$ cat my_file_6.cif   # mmCIF, C-alpha atoms
data_run
loop_
_atom_site.label_atom_id
_atom_site.label_comp_id
_atom_site.auth_asym_id
_atom_site.auth_seq_id
_atom_site.Cartn_x
_atom_site.Cartn_y
_atom_site.Cartn_z
CA ALA A 29 -32.10 313.71 -30.39
CA ALA A 30 -29.45 310.96 -30.22
CA PHE A 31 -27.61 312.68 -27.39
CA GLY A 32 -30.85 313.29 -25.52
CA LEU A 33 -31.79 309.60 -25.81
CA LEU A 34 -28.41 308.38 -24.54
CA VAL A 35 -28.32 310.91 -21.69
CA GLY A 36 -31.82 309.91 -20.60
CA ILE A 37 -30.89 306.21 -20.58
CA MET A 38 -27.66 306.89 -18.69
CA LYS A 39 -29.31 308.96 -15.97
CA GLY A 40 -32.49 306.89 -15.79
CA GLY A 41 -30.55 303.66 -15.37
CA THR A 42 -28.57 305.11 -12.50
CA ILE A 43 -31.66 306.27 -10.63
CA GLY A 44 -33.73 303.17 -11.45
CA GLY A 45 -31.08 300.81 -10.09
CA ALA A 46 -32.02 301.84 -6.55
CA VAL A 47 -35.57 300.46 -6.84
CA PRO A 48 -34.75 296.70 -6.72
CA ALA A 49 -31.89 297.47 -4.31
CA ILE A 50 -34.41 298.81 -1.81
CA LEU A 51 -37.34 296.49 -2.47
CA ILE A 52 -35.71 293.07 -2.88
CA ASN A 53 -32.08 293.66 -1.79
CA VAL A 54 -30.86 293.19 -5.37
CA PRO A 55 -29.05 296.20 -6.90
CA GLY A 56 -30.24 297.08 -10.38
CA THR A 57 -26.75 298.39 -11.19
CA PRO A 58 -23.41 297.70 -9.50
CA ASP A 59 -23.12 301.23 -8.11
CA CYS A 60 -26.43 300.73 -6.27
CA ALA A 61 -25.01 297.83 -4.26
CA ALA A 62 -24.30 300.24 -1.39
CA THR A 63 -27.95 301.34 -1.44
CA THR A 64 -29.02 297.87 -0.32
CA LEU A 65 -27.18 298.27 2.98
CA ASP A 66 -29.75 300.69 4.42
CA GLY A 67 -32.46 300.70 1.75
CA TYR A 68 -33.59 297.12 2.23
CA PRO A 69 -33.73 297.34 6.05
CA MET A 70 -35.95 300.41 5.66
CA ALA A 71 -38.19 298.49 3.27
CA LYS A 72 -38.48 295.57 5.71
CA ALA A 73 -39.53 298.09 8.36
CA GLY A 74 -42.44 299.20 6.15
CA LYS A 75 -40.73 302.34 4.87
CA ALA A 76 -40.13 301.28 1.27
CA LEU A 77 -41.82 304.34 -0.24
CA LYS A 78 -39.87 306.74 1.96
CA ALA A 79 -36.62 304.98 1.06
CA MET A 80 -37.31 305.11 -2.69
CA LYS A 81 -38.36 308.76 -2.55
CA LEU A 82 -35.20 309.64 -0.65
CA ALA A 83 -33.10 307.69 -3.16
CA THR A 84 -34.72 309.52 -6.08
CA ALA A 85 -34.34 312.95 -4.49
CA SER A 86 -30.72 312.27 -3.51
CA ALA A 87 -29.84 310.95 -6.97
CA VAL A 88 -31.33 313.98 -8.71
CA THR A 89 -29.54 316.30 -6.27
CA GLY A 90 -26.13 314.70 -6.83
CA ASP A 91 -26.69 314.49 -10.58
CA THR A 92 -27.72 318.14 -10.87
CA PHE A 93 -24.72 319.22 -8.79
CA SER A 94 -22.27 317.42 -11.07
CA ASP A 95 -24.03 318.77 -14.18
CA LEU A 96 -23.61 322.32 -12.91
CA VAL A 97 -19.94 321.62 -12.21
CA LEU A 98 -19.59 320.21 -15.73
CA ILE A 99 -21.20 323.30 -17.26
CA THR A 100 -19.25 325.86 -15.25
CA VAL A 101 -15.79 324.52 -14.41
CA SER A 102 -15.26 321.53 -16.70
CA VAL A 103 -12.03 322.84 -18.26
CA PRO A 104 -10.20 323.53 -14.94
CA LEU A 105 -11.40 320.21 -13.51
CA ALA A 106 -10.20 318.40 -16.60
CA SER A 107 -6.70 319.76 -16.07
CA VAL A 108 -6.80 318.45 -12.50
CA ALA A 109 -8.07 315.06 -13.70
CA LEU A 110 -5.23 314.92 -16.19
CA MET A 111 -2.79 315.03 -13.25
CA MET A 112 -4.22 311.70 -12.03
CA GLY A 113 -1.75 309.36 -13.65
CA PRO A 114 -1.60 305.56 -13.26
CA VAL A 115 0.32 305.81 -9.96
CA GLU A 116 -2.33 308.09 -8.43
CA VAL A 117 -5.19 305.97 -9.75
CA LEU A 118 -3.59 302.82 -8.33
CA ALA A 119 -3.21 304.46 -4.90
CA LEU A 120 -6.83 305.67 -5.05
CA LEU A 121 -8.05 302.15 -5.84
CA ILE A 122 -5.99 300.72 -2.96
CA PHE A 123 -7.54 303.29 -0.64
CA SER A 124 -11.02 302.38 -1.91
CA PHE A 125 -10.35 298.67 -1.32
CA ALA A 126 -9.05 299.34 2.21
CA VAL A 127 -12.12 301.35 3.17
CA ILE A 128 -14.64 299.00 1.58
CA SER A 129 -13.11 295.81 3.00
CA GLY A 130 -13.14 297.14 6.54
CA LEU A 131 -16.58 298.74 6.58
CA LEU A 132 -18.70 296.23 4.68
CA GLY A 133 -17.58 292.96 6.24
CA GLN A 134 -18.09 291.42 9.65
CA SER A 135 -14.32 291.61 10.00
CA LEU A 136 -11.45 293.11 8.08
CA THR A 137 -10.02 289.62 7.49
CA LYS A 138 -13.17 288.35 5.77
CA GLY A 139 -13.41 291.57 3.81
CA LEU A 140 -9.86 291.20 2.53
CA ILE A 141 -10.48 287.54 1.62
CA ALA A 142 -13.56 288.54 -0.41
CA LEU A 143 -11.50 291.33 -2.00
CA ALA A 144 -8.71 288.94 -2.98
CA LEU A 145 -11.23 286.47 -4.40
CA GLY A 146 -12.81 289.19 -6.55
CA LEU A 147 -9.43 290.30 -7.86
CA LEU A 148 -8.55 286.67 -8.62
CA PHE A 149 -11.61 286.15 -10.82
CA ALA A 150 -10.93 289.51 -12.48
CA THR A 151 -7.63 288.09 -13.80
CA VAL A 152 -9.41 285.48 -15.93
CA GLY A 153 -8.76 286.21 -19.61
CA ALA A 154 -6.06 288.10 -21.47
CA ASP A 155 -3.58 290.03 -19.36
CA PRO A 156 -3.42 293.77 -20.15
CA GLN A 157 0.31 293.85 -20.95
CA HIS A 158 0.95 290.91 -23.28
CA SER A 159 -2.61 289.69 -24.10
CA THR A 160 -1.72 286.15 -23.07
CA PRO A 161 -4.66 284.03 -21.85
CA ARG A 162 -4.84 283.18 -18.15
CA LEU A 163 -7.04 280.77 -16.21
CA ILE A 164 -9.33 280.01 -19.16
CA PHE A 165 -8.56 276.24 -19.15
CA GLY A 166 -9.14 275.90 -22.88
CA HIS A 167 -12.45 277.83 -22.88
CA PHE A 168 -11.67 280.65 -25.28
CA GLU A 169 -15.05 282.29 -24.68
CA PHE A 170 -13.39 283.57 -21.49
CA PHE A 171 -10.49 285.16 -23.41
CA GLU A 172 -11.95 288.62 -22.74
CA GLY A 173 -12.68 287.74 -19.13
CA LEU A 174 -15.68 286.37 -17.28
CA PRO A 175 -18.92 287.96 -18.48
CA VAL A 176 -19.64 290.84 -16.14
CA ALA A 177 -23.43 290.83 -16.15
CA PRO A 178 -23.96 287.10 -15.41
CA LEU A 179 -21.36 287.18 -12.63
CA ALA A 180 -22.91 290.23 -10.95
CA ILE A 181 -26.48 289.00 -11.40
CA GLY A 182 -25.63 285.55 -10.10
CA THR A 183 -23.63 286.71 -7.09
CA LEU A 184 -26.01 289.46 -5.98
CA ALA A 185 -29.45 288.59 -7.33
CA VAL A 186 -29.76 284.83 -7.84
CA ALA A 187 -27.83 284.08 -4.64
CA GLU A 188 -30.35 286.23 -2.76
CA MET A 189 -33.17 284.30 -4.46
CA PHE A 190 -31.65 281.01 -3.32
CA ARG A 191 -31.51 282.36 0.21
CA ARG A 192 -35.14 283.49 0.06
CA VAL A 193 -36.28 280.12 -1.29
CA SER A 194 -34.41 278.29 1.46
CA GLN A 195 -36.30 280.34 4.04
CA THR A 196 -39.79 279.81 2.62
CA ARG A 197 -42.08 277.21 4.14
CA GLY A 198 -44.59 276.71 1.36
CA ASP A 199 -46.74 279.74 2.19
CA SER A 200 -47.54 282.65 -0.13
CA ARG A 201 -46.16 285.53 1.89
CA PRO A 202 -45.25 288.73 0.00
CA MET A 203 -41.64 289.70 -0.60
CA LEU A 204 -41.98 292.51 1.90
CA PRO A 205 -44.18 292.96 4.96
CA LYS A 206 -47.10 295.31 4.69
CA HIS A 207 -46.25 298.98 4.28
CA SER A 208 -46.47 301.05 7.42
CA ASP A 209 -49.87 302.57 8.18
CA ASP A 210 -48.23 305.74 9.45
CA PRO A 211 -48.42 308.39 6.66
CA ALA A 212 -45.06 309.76 7.82
CA ASP A 213 -43.42 306.46 6.81
CA ARG A 214 -44.75 306.72 3.26
CA ARG A 215 -43.67 310.25 2.39
CA LEU A 216 -40.46 312.25 2.41
CA SER A 217 -40.84 315.61 4.11
CA TRP A 218 -38.76 318.67 3.33
CA ARG A 219 -37.39 318.55 6.87
CA GLU A 220 -36.10 315.00 6.39
CA TYR A 221 -34.56 315.90 3.05
CA TRP A 222 -32.94 319.06 4.46
CA SER A 223 -31.49 317.09 7.39
CA CYS A 224 -29.37 315.20 4.83
CA ARG A 225 -28.00 318.36 3.19
CA PHE A 226 -24.42 317.89 4.38
CA VAL A 227 -24.52 314.19 3.48
CA LEU A 228 -25.76 315.07 -0.02
CA LEU A 229 -23.10 317.74 -0.45
CA ARG A 230 -20.35 315.37 0.67
CA GLY A 231 -21.61 312.63 -1.65
CA ALA A 232 -21.93 315.02 -4.59
CA LEU A 233 -18.38 316.30 -4.06
CA ILE A 234 -16.97 312.76 -3.80
CA GLY A 235 -18.91 311.61 -6.88
CA THR A 236 -17.84 314.63 -8.91
CA GLY A 237 -14.21 314.20 -7.92
CA ILE A 238 -14.22 310.46 -8.69
CA GLY A 239 -16.08 310.98 -11.96
CA ALA A 240 -13.56 313.56 -13.15
CA ALA A 241 -10.79 310.95 -12.83
CA PRO A 242 -11.15 308.62 -15.86
CA GLY A 243 -11.81 304.96 -15.20
CA VAL A 244 -12.43 304.83 -11.44
CA GLY A 245 -16.21 304.58 -11.70
CA SER A 246 -19.35 305.23 -9.71
CA THR A 247 -19.14 302.04 -7.65
CA ALA A 248 -16.05 303.27 -5.82
CA ALA A 249 -17.64 306.72 -5.40
CA ALA A 250 -20.78 305.26 -3.79
CA PHE A 251 -18.87 303.22 -1.23
CA LEU A 252 -16.39 305.98 -0.43
CA SER A 253 -19.30 308.35 0.22
CA TYR A 254 -21.02 305.73 2.37
CA ALA A 255 -17.82 305.13 4.35
CA ALA A 256 -17.20 308.86 4.85
CA THR A 257 -20.78 309.39 6.04
CA LYS A 258 -20.59 306.47 8.43
CA GLU A 259 -17.32 307.68 9.93
CA ALA A 260 -18.64 311.23 10.32
CA SER A 261 -21.87 310.08 12.00
CA ASP A 262 -22.49 310.34 15.73
CA ASN A 263 -24.15 306.92 15.58
CA PRO A 264 -22.18 304.77 13.10
CA ASP A 265 -23.75 301.55 14.41
CA SER A 266 -27.11 302.61 12.93
CA PHE A 267 -25.75 302.26 9.40
CA GLY A 268 -26.69 298.99 7.79
CA LYS A 269 -29.88 298.89 9.87
CA GLY A 270 -32.02 301.38 7.96
CA ASN A 271 -30.34 304.77 8.35
CA PRO A 272 -31.73 307.16 5.68
CA LYS A 273 -28.41 308.99 5.47
CA GLY A 274 -26.82 305.82 4.11
CA ILE A 275 -29.19 305.95 1.12
CA ALA A 276 -28.62 309.68 0.63
CA ALA A 277 -24.83 309.26 0.68
CA THR A 278 -24.66 306.48 -1.89
CA GLU A 279 -27.28 307.79 -4.30
CA ALA A 280 -25.89 311.33 -4.33
CA ALA A 281 -22.37 310.04 -5.02
CA ASN A 282 -23.09 307.46 -7.73
CA SER A 283 -25.40 309.85 -9.58
CA ALA A 284 -22.92 312.71 -9.34
CA VAL A 285 -20.51 310.58 -11.36
CA CYS A 286 -22.85 310.77 -14.39
CA GLY A 287 -22.19 314.42 -15.12
CA ALA A 288 -18.56 314.37 -14.01
CA ASP A 289 -17.84 311.42 -16.33
CA LEU A 290 -18.30 313.78 -19.26
CA ILE A 291 -15.61 316.20 -18.03
CA PRO A 292 -12.64 314.18 -19.38
CA LEU A 293 -14.71 313.13 -22.39
CA LEU A 294 -15.62 316.60 -23.63
CA THR A 295 -12.37 318.35 -22.72
CA LEU A 296 -9.76 315.64 -23.29
CA GLY A 297 -11.54 313.10 -25.46
CA ILE A 298 -11.08 310.43 -22.76
CA PRO A 299 -14.23 308.54 -21.66
CA GLY A 300 -14.54 308.27 -17.90
CA SER A 301 -16.91 305.28 -17.92
CA ALA A 302 -18.68 302.80 -20.18
CA SER A 303 -21.69 305.10 -20.54
CA ALA A 304 -19.44 307.99 -21.49
CA ALA A 305 -17.76 305.72 -24.03
CA MET A 306 -21.16 305.13 -25.62
CA LEU A 307 -21.46 308.87 -26.17
CA ILE A 308 -18.24 308.72 -28.20
CA GLY A 309 -20.16 306.50 -30.61
CA ALA A 310 -22.81 309.18 -30.94
CA PHE A 311 -20.14 311.83 -31.55
CA THR A 312 -18.49 309.62 -34.18
CA ILE A 313 -21.79 309.08 -36.00
CA GLN A 314 -22.19 312.86 -36.16
CA GLY A 315 -18.61 313.25 -37.41
CA ILE A 316 -17.45 315.06 -34.27
CA GLN A 317 -14.16 314.46 -32.46
CA PRO A 318 -14.32 315.03 -28.65
CA GLY A 319 -11.41 317.01 -27.31
CA PRO A 320 -10.14 320.47 -26.42
CA LEU A 321 -11.44 322.07 -29.64
CA LEU A 322 -14.96 320.77 -29.15
CA PHE A 323 -16.16 323.85 -27.25
CA ASP A 324 -14.94 326.14 -30.04
CA ASN A 325 -16.13 324.13 -33.04
CA GLN A 326 -19.40 322.68 -31.71
CA ALA A 327 -20.46 325.04 -28.92
CA GLN A 328 -24.15 324.95 -29.90
CA LEU A 329 -24.25 321.16 -29.80
CA ILE A 330 -22.37 320.95 -26.48
CA TYR A 331 -24.63 323.41 -24.70
CA GLY A 332 -27.61 321.62 -26.18
CA LEU A 333 -26.21 318.48 -24.54
CA PHE A 334 -25.94 320.38 -21.25
CA GLY A 335 -29.58 321.42 -21.56
CA ALA A 336 -30.60 317.81 -22.23
CA MET A 337 -28.78 316.70 -19.08
CA LEU A 338 -30.64 319.20 -16.90
CA MET A 339 -33.95 318.27 -18.54
CA ALA A 340 -33.23 314.59 -17.93
CA ASN A 341 -32.84 315.27 -14.21
CA ALA A 342 -36.25 316.92 -14.04
CA VAL A 343 -37.89 314.15 -16.07
CA ASN A 344 -36.25 311.43 -13.98
CA PHE A 345 -37.51 313.06 -10.79
CA ALA A 346 -41.06 313.27 -12.17
CA VAL A 347 -41.15 309.77 -13.69
CA GLY A 348 -39.42 308.25 -10.69
CA ASN A 349 -41.91 309.61 -8.19
CA LEU A 350 -44.80 308.66 -10.48
CA LEU A 351 -43.75 305.00 -10.68
CA LEU A 352 -42.64 304.49 -7.09
CA ARG A 353 -46.14 303.59 -5.92
CA VAL A 354 -46.44 301.10 -8.79
CA TRP A 355 -43.28 299.27 -7.72
CA ALA A 356 -44.37 299.40 -4.09
CA ARG A 357 -47.60 297.60 -5.01
CA VAL A 358 -45.93 295.10 -7.33
CA ILE A 359 -43.61 293.99 -4.56
CA MET A 360 -46.60 293.04 -2.40
CA ALA A 361 -47.23 290.07 -4.72
CA PRO A 362 -46.42 286.62 -3.30
CA ALA A 363 -42.72 285.89 -3.03
CA SER A 364 -43.07 282.80 -5.23
CA VAL A 365 -44.35 284.94 -8.12
CA ILE A 366 -41.73 287.67 -7.70
CA LEU A 367 -38.84 285.23 -7.41
CA SER A 368 -39.99 283.15 -10.40
CA VAL A 369 -40.33 286.16 -12.69
CA ALA A 370 -37.05 287.65 -11.44
CA LEU A 371 -35.18 284.37 -12.01
CA VAL A 372 -36.47 284.10 -15.59
CA LEU A 373 -35.42 287.69 -16.29
CA CYS A 374 -31.98 287.01 -14.81
CA LEU A 375 -31.50 283.93 -17.00
CA VAL A 376 -32.65 285.75 -20.14
CA GLY A 377 -30.49 288.79 -19.36
CA SER A 378 -27.41 286.64 -18.76
CA TYR A 379 -27.98 284.69 -21.98
CA LEU A 380 -28.29 287.88 -24.03
CA ALA A 381 -25.39 289.65 -22.32
CA SER A 382 -22.94 286.79 -22.94
CA GLY A 383 -24.32 285.67 -26.28
CA GLY A 384 -24.90 282.05 -25.32
CA MET A 385 -25.25 279.41 -22.63
CA VAL A 386 -21.90 280.33 -21.10
CA GLY A 387 -23.58 283.25 -19.38
CA ILE A 388 -26.15 280.99 -17.73
CA TRP A 389 -23.46 278.61 -16.44
CA VAL A 390 -21.48 281.54 -15.04
CA LEU A 391 -24.63 282.90 -13.43
CA LEU A 392 -25.45 279.61 -11.69
CA ALA A 393 -21.86 279.01 -10.57
CA PHE A 394 -21.50 282.42 -9.00
CA ALA A 395 -24.98 282.22 -7.50
CA LEU A 396 -23.78 279.22 -5.50
CA LEU A 397 -20.57 281.03 -4.59
CA GLY A 398 -22.53 284.09 -3.46
CA TYR A 399 -24.90 281.93 -1.40
CA PHE A 400 -22.06 280.24 0.49
CA MET A 401 -20.17 283.51 0.98
CA THR A 402 -23.25 285.11 2.51
CA SER A 403 -23.91 282.06 4.68
CA TYR A 404 -20.40 282.21 6.17
CA GLY A 405 -20.27 285.99 6.61
CA TYR A 406 -18.04 286.95 3.70
CA PRO A 407 -19.19 290.27 2.15
CA VAL A 408 -20.45 289.54 -1.36
CA VAL A 409 -20.56 293.25 -2.20
CA VAL A 410 -16.81 293.55 -1.63
CA PHE A 411 -16.25 290.58 -3.94
CA VAL A 412 -18.33 292.16 -6.73
CA ILE A 413 -16.67 295.57 -6.35
CA ALA A 414 -13.22 293.98 -6.52
CA PHE A 415 -14.22 292.09 -9.67
CA PHE A 416 -15.53 295.26 -11.36
CA LEU A 417 -12.49 297.32 -10.44
CA GLY A 418 -10.01 294.46 -10.96
CA PRO A 419 -9.15 295.16 -14.63
CA ARG A 420 -8.63 298.84 -13.90
CA PHE A 421 -6.53 297.95 -10.84
CA GLU A 422 -4.35 295.54 -12.81
CA LEU A 423 -3.86 297.98 -15.68
CA SER A 424 -2.89 300.75 -13.25
CA LEU A 425 -0.51 298.35 -11.49
CA VAL A 426 1.22 297.42 -14.76
CA GLN A 427 1.50 301.09 -15.78
CA THR A 428 2.82 302.01 -12.33
CA LEU A 429 5.54 299.36 -12.57
CA ILE A 430 6.54 300.80 -15.94
CA VAL A 431 6.52 304.40 -14.68
CA THR A 432 8.49 303.59 -11.53
CA ARG A 433 10.69 301.01 -13.34
CA GLY A 434 9.89 298.53 -10.61
CA HIS A 435 11.42 300.65 -7.81
CA PRO A 436 8.90 301.29 -4.99
CA VAL A 437 10.94 304.29 -3.79
CA ARG A 438 9.96 306.17 -6.95
CA ILE A 439 6.39 306.37 -5.63
CA LEU A 440 7.68 309.13 -3.33
CA GLU A 441 7.90 311.28 -6.47
CA HIS A 442 4.07 311.23 -6.57
CA PRO A 443 2.83 313.01 -3.43
CA VAL A 444 -0.85 312.48 -4.22
CA ALA A 445 -0.31 308.72 -4.43
CA VAL A 446 1.65 308.76 -1.17
CA GLY A 447 -1.25 310.56 0.49
CA PHE A 448 -3.74 307.93 -0.65
CA LEU A 449 -1.46 305.11 0.54
CA LEU A 450 -1.15 306.73 3.98
CA LEU A 451 -4.94 307.04 4.11
CA SER A 452 -5.17 303.34 3.22
CA ILE A 453 -2.96 302.43 6.19
CA LEU A 454 -5.09 304.65 8.43
CA ALA A 455 -8.30 303.01 7.14
CA ILE A 456 -6.92 299.52 7.85
CA TYR A 457 -5.91 300.60 11.35
CA MET A 458 -9.30 302.16 12.08
CA THR A 459 -11.35 299.19 10.87
CA GLY A 460 -8.99 296.28 11.46
CA VAL A 461 -7.24 297.24 14.69
CA ARG A 462 -8.88 300.10 16.53
CA LYS A 463 -12.52 299.03 16.14
CA PRO A 464 -12.00 295.37 17.23
CA LEU A 465 -9.78 296.55 20.10
CA ARG A 466 -12.49 298.94 21.27
CA LYS A 467 -15.12 296.19 21.16
CA TRP A 468 -12.81 293.88 23.14
CA ARG A 469 -12.29 296.55 25.78
CA ASP A 470 -16.04 297.20 26.02
CA ARG A 471 -16.76 293.48 26.47
CA ARG A 472 -14.01 293.18 29.07
CA LYS A 473 -15.32 296.20 30.95
CA ALA A 474 -18.86 294.83 30.91
CA THR A 475 -17.60 291.46 32.19
CA LEU A 476 -15.73 293.10 35.06
CA ILE A 477 -18.82 295.12 35.98
CA VAL A 478 -20.98 291.97 36.06
CA LYS A 479 -18.42 290.12 38.15
CA GLY A 480 -18.10 293.11 40.47
#

$ encode --input "my_file_6.cif" --output "structure tokens"
Amino acid sequence: AAFGLLVGIMKGGTIGGAVPAILINVPGTPDCAATTLDGYPMAKAGKALKAMKLATASAVTGDTFSDLVLITVSVPLASVALMMGPVEVLALLIFSFAVISGLLGQSLTKGLIALALGLLFATVGADPQHSTPRLIFGHFEFFEGLPVAPLAIGTLAVAEMFRRVSQTRGDSRPMLPKHSDDPADRRLSWREYWSCRFVLLRGALIGTGIGAAPGVGSTAAAFLSYAATKEASDNPDSFGKGNPKGIAATEAANSAVCGADLIPLLTLGIPGSASAAMLIGAFTIQGIQPGPLLFDNQAQLIYGLFGAMLMANAVNFAVGNLLLRVWARVIMAPASVILSVALVLCLVGSYLASGGMVGIWVLLAFALLGYFMTSYGYPVVVFVIAFFLGPRFELSLVQTLIVTRGHPVRILEHPVAVGFLLLSILAIYMTGVRKPLRKWRDRRKATLIVKG
């Protein structure tokens, strides 16, 4: 019963995070930040129900795929994941940063600035090597770092509320325009779902691969899947403007991480994420030690856990589709009501998450930062991703320096890491050099045609 409860919360939270991401452009969880890119434009076009149904179906598809991989090939995948040492993880994170910075910002330069700013704030607190405090300025409540929840809520949610309030003119308009009167815009047909089959498969594979590597997380998986789908598309300019495949790519990838996170946990005893770490608590309460002997000593319990995971997917699909219409109607309330309630919930959540007023001050400070970053075209999502992955990036960097003894040439002894670094250079070239150069050539050609 304990495992079933935790699995249901883990999977339900992942799927539910897409609802506010689509309806009010505020991700319910960090890994749903990529869902806002195409989900919210679809909602503004009157297709909120279609977007939420596609997100639910994609999430369940990716989650089920990773669960089946966990059940069938968890031991071989765990051995592959074990080969991902700190050098390989560092190179993978660098590749993720290169792709995200180039694709999510108006320019690669602004994306890299937002990335550097996120990594800077991630260094607040004790450093991972010597546990010496940094950048806390005498405030020892920041010794363990800036509180994650208030920073994310302030930067993504409250900053968006400030922007909405600044655009209101005293009327009582709803948060979203009226839903489309066309029945096709309110339902998800089998044909539309099937048209995303390759996108779902790609996202599920990326999410499963990322989830099997401990510590990388679903946020990186979602944005890597989104970037891969955008690059493979015949019409990449449609992404960010309400392309359904953008939703399918992100939701399939971040949900696929849920099942794959348990691969290193069950086979190696290493939690792949915070939610997987919570399951260690449940194992400890039951007097069970996760690891290679788990399948021999507690096979009945493990396969019961597998059954609970598959049941949770079915229940999430049913409950999700049942409540989608409720959320679609709630969002039609006046914007003043929605924003007021949302702001109160954000303040209460930040207070509880940080254990005091420090969370509220952090929330308000980063809400202002997020507002100004958005106003000047700096990608807030890149900033938040860098902050979330910053501790893992720094730890991998420290471990890499120890492994290589400070000699960069020793990285050549890790071919997987070299491959990721080469892909990073290619990603920077494609987004920071080739794409701007192509746009410049197109503008120049259009100018010459007009003059001619």

$ axis_aligned_box --input "my_file_6.cif" --around "range 42-52 of chain A" --padding-each-side "3 Å" --output "lines of an AutoDock Vina configuration file"
center_x = -33.0
center_y = 299.7
center_z = -7.2
size_x = 14.8
size_y = 19.2
size_z = 16.7

$ residues_around --input "my_file_6.cif" --residues "Phe123 in chain A" --least-positions-apart "6" --cutoff "8 Å" --atoms "all atoms listed in the file" --output "JSON, numbers by chain"
{"A": [448, 449, 451, 452, 455]}

$ resolve_selection --input "my_file_6.cif" --expression "the PyMOL selection byres ((chain A and resi 228) around 8)" --output "number ranges by chain"
A: 86, 89-90, 224-227, 229-232, 276-277, 280-281

$ closest_residue --input "my_file_6.cif" --among "A:Leu329, A:Pro48, A:Leu425, A:Ala248" --to "Gly235 in chain A" --atoms "only C-alpha atoms"
A:Ala248

$ residues_around --input "my_file_6.cif" --residues "range 150-157 of chain A" --least-positions-apart "6" --cutoff "12 Å" --atoms "all atoms listed in the file" --output "short mmCIF file (atom, residue, chain, number, x, y, z; two decimals) with C-alpha atoms, keeping the file's coordinate frame"
data_model
loop_
_atom_site.label_atom_id
_atom_site.label_comp_id
_atom_site.auth_asym_id
_atom_site.auth_seq_id
_atom_site.Cartn_x
_atom_site.Cartn_y
_atom_site.Cartn_z
CA LEU A 143 -11.50 291.33 -2.00
CA ALA A 144 -8.71 288.94 -2.98
CA LEU A 163 -7.04 280.77 -16.21
CA ILE A 164 -9.33 280.01 -19.16
CA PHE A 165 -8.56 276.24 -19.15
CA GLY A 166 -9.14 275.90 -22.88
CA HIS A 167 -12.45 277.83 -22.88
CA PHE A 168 -11.67 280.65 -25.28
CA GLU A 169 -15.05 282.29 -24.68
CA PHE A 170 -13.39 283.57 -21.49
CA PHE A 171 -10.49 285.16 -23.41
CA GLU A 172 -11.95 288.62 -22.74
CA GLY A 173 -12.68 287.74 -19.13
CA LEU A 174 -15.68 286.37 -17.28
CA PRO A 175 -18.92 287.96 -18.48
CA VAL A 176 -19.64 290.84 -16.14
CA LEU A 179 -21.36 287.18 -12.63
CA PHE A 411 -16.25 290.58 -3.94
CA VAL A 412 -18.33 292.16 -6.73
CA ILE A 413 -16.67 295.57 -6.35
CA ALA A 414 -13.22 293.98 -6.52
CA PHE A 415 -14.22 292.09 -9.67
CA PHE A 416 -15.53 295.26 -11.36
CA LEU A 417 -12.49 297.32 -10.44
CA GLY A 418 -10.01 294.46 -10.96
CA PRO A 419 -9.15 295.16 -14.63
CA ARG A 420 -8.63 298.84 -13.90
CA PHE A 421 -6.53 297.95 -10.84
CA GLU A 422 -4.35 295.54 -12.81
CA LEU A 423 -3.86 297.98 -15.68
CA SER A 424 -2.89 300.75 -13.25
CA LEU A 425 -0.51 298.35 -11.49
CA VAL A 426 1.22 297.42 -14.76
CA GLN A 427 1.50 301.09 -15.78
CA LEU A 429 5.54 299.36 -12.57
CA ILE A 430 6.54 300.80 -15.94
#
